[in-house]
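Data block below; observations after.
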Amino acid sequence: MKAWIVYDTLWGNTERIARSVGEAVGGGVRVSRVGEVDPSEAETVDLLIVGSPTQGGAPTQAIQGFLNAIPPGALGRVRVAAFDTRIPMKFAKIFGYAAEKISASLVRKGGSEATAPAGFFVGGRKGPLSAGELERAAGWGRECRAS
Ligand SMILES: Cc1cc2nc3c(=O)[nH]c(=O)nc-3n(C[C@H](O)[C@H](O)[C@H](O)COP(=O)(O)O)c2cc1C
């Protein structure tokens, strides 16, 4: 199985989650920061996982650009999954979170959801990741792989 994880990060928290998910997926998975990728490769993998920090209730501009660059229908043979990092504050719920929006976009491009979108908590804007989140990310990665 060819698996690819594309993530963005400002302070490294989402990158740490991406790497934990990647270790759980295993099997030579590629883990790439969004600025360094060619979006046309998305349709060539079996499992595409996209992760972003939640910023203003949405994925980062770079992740949005990556998603927008995938042609409609291109993910017809691809299983997809999305995650974000977020802060556990009530006001943040009003705007929603990045993972659900990434997932909706991947499905609009033709992808089928490998597992439900997931959010991982940081203690504040710069982090750190809350206790247990790396382990939870590994469990979610195993779900993606098993789907
Ligand atoms: C400009 C900006 C907007 C943010 N907006 C939200 C938000 O709407 N909801 C939320 O839960 N967290 C929000 N955050 C917190 C980020 O989710 C947090 O910085 C991120 O998870 C850290 O991950 P990173 O180190 O990978 O960038 C925001 C952070 C920044 C910098």
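Identifiers in this document derive from the order of the structure tokens: chains are assigned A, B, ..., residues are numbered from 1 separately in each chain, and ligands are numbered from 1 in order of occurrence.
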Practice task
Give the helix (DSSP H, G or I) residues of chain A, as DSSP finds them on the backbone, and put them as a ChimeraX atom specification.
Solution key: /A:13-25,34-36,39-44,61-68,90-95,98-108,133-146
Selection to disk with C-alpha atoms, as a compact mmCIF listing (two decimals), in the first residue's frame:
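Once written, selection-v3.txt looks like this:
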```txt
# COMPACT_ATOMS: atom_id res chain seq x y z
CA ASN A 13 2.96 20.29 16.88
CA THR A 14 1.12 19.11 13.77
CA GLU A 15 4.38 17.72 12.42
CA ARG A 16 4.81 15.58 15.53
CA ILE A 17 1.29 14.24 15.14
CA ALA A 18 1.94 13.56 11.44
CA ARG A 19 5.07 11.57 12.29
CA SER A 20 3.28 9.56 14.96
CA VAL A 21 0.47 8.76 12.50
CA GLY A 22 3.14 7.85 9.95
CA GLU A 23 4.89 5.40 12.27
CA ALA A 24 1.56 3.68 12.91
CA VAL A 25 0.70 3.50 9.21
CA VAL A 34 3.02 20.84 2.31
CA GLY A 35 5.37 23.42 0.78
CA GLU A 36 7.58 20.68 -0.64
CA PRO A 39 -0.29 17.99 -5.61
CA SER A 40 -0.55 15.95 -8.81
CA GLU A 41 0.98 13.03 -6.88
CA ALA A 42 -2.10 12.81 -4.65
CA GLU A 43 -3.98 10.67 -7.13
CA THR A 44 -1.14 8.14 -7.35
CA GLN A 61 -3.57 28.66 3.36
CA ALA A 62 -0.89 26.24 2.21
CA ILE A 63 -3.09 23.21 2.90
CA GLN A 64 -6.04 24.93 1.21
CA GLY A 65 -3.80 25.58 -1.79
CA PHE A 66 -2.75 21.93 -1.89
CA LEU A 67 -6.38 20.78 -1.75
CA ASN A 68 -7.48 23.28 -4.40
CA LYS A 90 -15.12 26.87 23.81
CA PHE A 91 -14.97 29.86 21.47
CA ALA A 92 -13.02 27.83 18.93
CA LYS A 93 -16.02 25.55 18.43
CA ILE A 94 -17.97 28.41 16.85
CA PHE A 95 -15.67 28.44 13.85
CA ALA A 98 -9.69 22.15 10.05
CA ALA A 99 -10.04 18.35 9.93
CA GLU A 100 -13.71 18.26 8.96
CA LYS A 101 -13.11 20.85 6.23
CA ILE A 102 -10.08 19.01 4.84
CA SER A 103 -12.02 15.77 4.81
CA ALA A 104 -14.99 17.35 3.00
CA SER A 105 -12.62 18.74 0.39
CA LEU A 106 -10.90 15.36 -0.14
CA VAL A 107 -14.27 13.66 -0.51
CA ARG A 108 -15.36 16.33 -3.02
CA GLU A 133 -2.08 12.90 22.01
CA LEU A 134 0.89 11.25 20.26
CA GLU A 135 -0.39 7.85 21.39
CA ARG A 136 -3.93 8.74 20.30
CA ALA A 137 -2.51 9.80 16.92
CA ALA A 138 -0.82 6.42 16.57
CA GLY A 139 -4.14 4.69 17.28
CA TRP A 140 -5.86 6.83 14.66
CA GLY A 141 -3.07 6.01 12.19
CA ARG A 142 -3.69 2.29 12.78
CA GLU A 143 -7.38 2.89 11.99
CA CYS A 144 -6.42 4.54 8.70
CA ARG A 145 -4.15 1.65 7.79
CA ALA A 146 -6.73 -1.00 8.68
```
Considering only C-alpha atoms and all ligand atoms, tabulate each residue of chain A that lies at most 9 Å from ligand 1 along with its nearest interatomic pair and the corresponding distance in Å to one decimal; arrange the rows by chain and ascending residue number and present them as CSV.
```
residue,atom,partner,partner_atom_place_in_ligand_line,distance
A:Tyr7,CA,ligand 1,26 (O),8.6
A:Asp8,CA,ligand 1,26 (O),6.6
A:Thr9,CA,ligand 1,26 (O),3.5
A:Leu10,CA,ligand 1,27 (O),3.4
A:Trp11,CA,ligand 1,25 (O),3.3
A:Gly12,CA,ligand 1,25 (O),4.2
A:Asn13,CA,ligand 1,25 (O),3.8
A:Thr14,CA,ligand 1,26 (O),3.6
A:Glu15,CA,ligand 1,26 (O),5.9
A:Arg16,CA,ligand 1,26 (O),7.9
A:Ile17,CA,ligand 1,26 (O),8.4
A:Ser52,CA,ligand 1,26 (O),6.8
A:Pro53,CA,ligand 1,21 (O),4.4
A:Thr54,CA,ligand 1,17 (O),4.0
A:Gln55,CA,ligand 1,5 (N),3.4
A:Gly56,CA,ligand 1,8 (O),3.5
A:Gly57,CA,ligand 1,8 (O),3.8
A:Ala58,CA,ligand 1,8 (O),6.8
A:Thr60,CA,ligand 1,1 (C),8.9
A:Asp84,CA,ligand 1,21 (O),7.1
A:Thr85,CA,ligand 1,21 (O),4.0
A:Arg86,CA,ligand 1,11 (O),3.6
A:Ile87,CA,ligand 1,11 (O),3.9
A:Pro88,CA,ligand 1,11 (O),6.3
A:Met89,CA,ligand 1,11 (O),6.7
A:Lys90,CA,ligand 1,11 (O),8.7
A:Phe91,CA,ligand 1,9 (N),7.9
A:Ala92,CA,ligand 1,9 (N),4.4
A:Lys93,CA,ligand 1,9 (N),7.1
A:Ile94,CA,ligand 1,8 (O),8.3
A:Phe95,CA,ligand 1,8 (O),6.0
A:Gly96,CA,ligand 1,8 (O),7.1
A:Tyr97,CA,ligand 1,9 (N),6.2
A:Ala98,CA,ligand 1,9 (N),8.3
A:Phe120,CA,ligand 1,21 (O),7.9
A:Phe121,CA,ligand 1,21 (O),7.0
A:Val122,CA,ligand 1,21 (O),5.8
A:Gly123,CA,ligand 1,18 (C),8.6
A:Gly124,CA,ligand 1,18 (C),6.7
A:Arg125,CA,ligand 1,19 (O),3.6
A:Lys126,CA,ligand 1,19 (O),5.1
A:Gly127,CA,ligand 1,22 (C),5.8
A:Pro128,CA,ligand 1,25 (O),8.0
A:Leu129,CA,ligand 1,21 (O),8.3
```
Practice task
Using only C-alpha atoms, determine which residues lie at most 6 Å from range 72-80 of chain A, disregarding the query and same-chain residues fewer than 6 positions distant; provide the list as a ChimeraX atom specification.
Solution key: /A:43,46-49,109-114
Fill in the blank from the handout: Expressed in Å, the length from CA of Arg33 in chain A to CA of Trp4 in chain A is 10.8 Å
Fill in the blank from the handout: re CA of Val6 in chain A and CA of Pro117 in chain A: distance 14.5 Å
Problem - Å distance separating CA of Ile70 in chain A from CA of Ile5 in chain A, one decimal place - result: 14.9 Å
Handout entry: All strand (DSSP E or B) positions in range 37-91 of chain A, as a list in words
Key = Leu47, Leu48, Ile49, Val50, Gly51, Ser52, Pro53, Gln55, Ala58, Arg79, Val80, Ala81, Ala82, Phe83, Asp84, Thr85 and Arg86 of chain A
Practice task
Find the residue from A:Val29, A:Thr115, A:Gly132, A:Pro71 that sits nearest to Val45 in chain A; use only C-alpha atoms when measuring.
Solution key: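 For Val45 in chain A, the nearest of the candidates is A:Val29.
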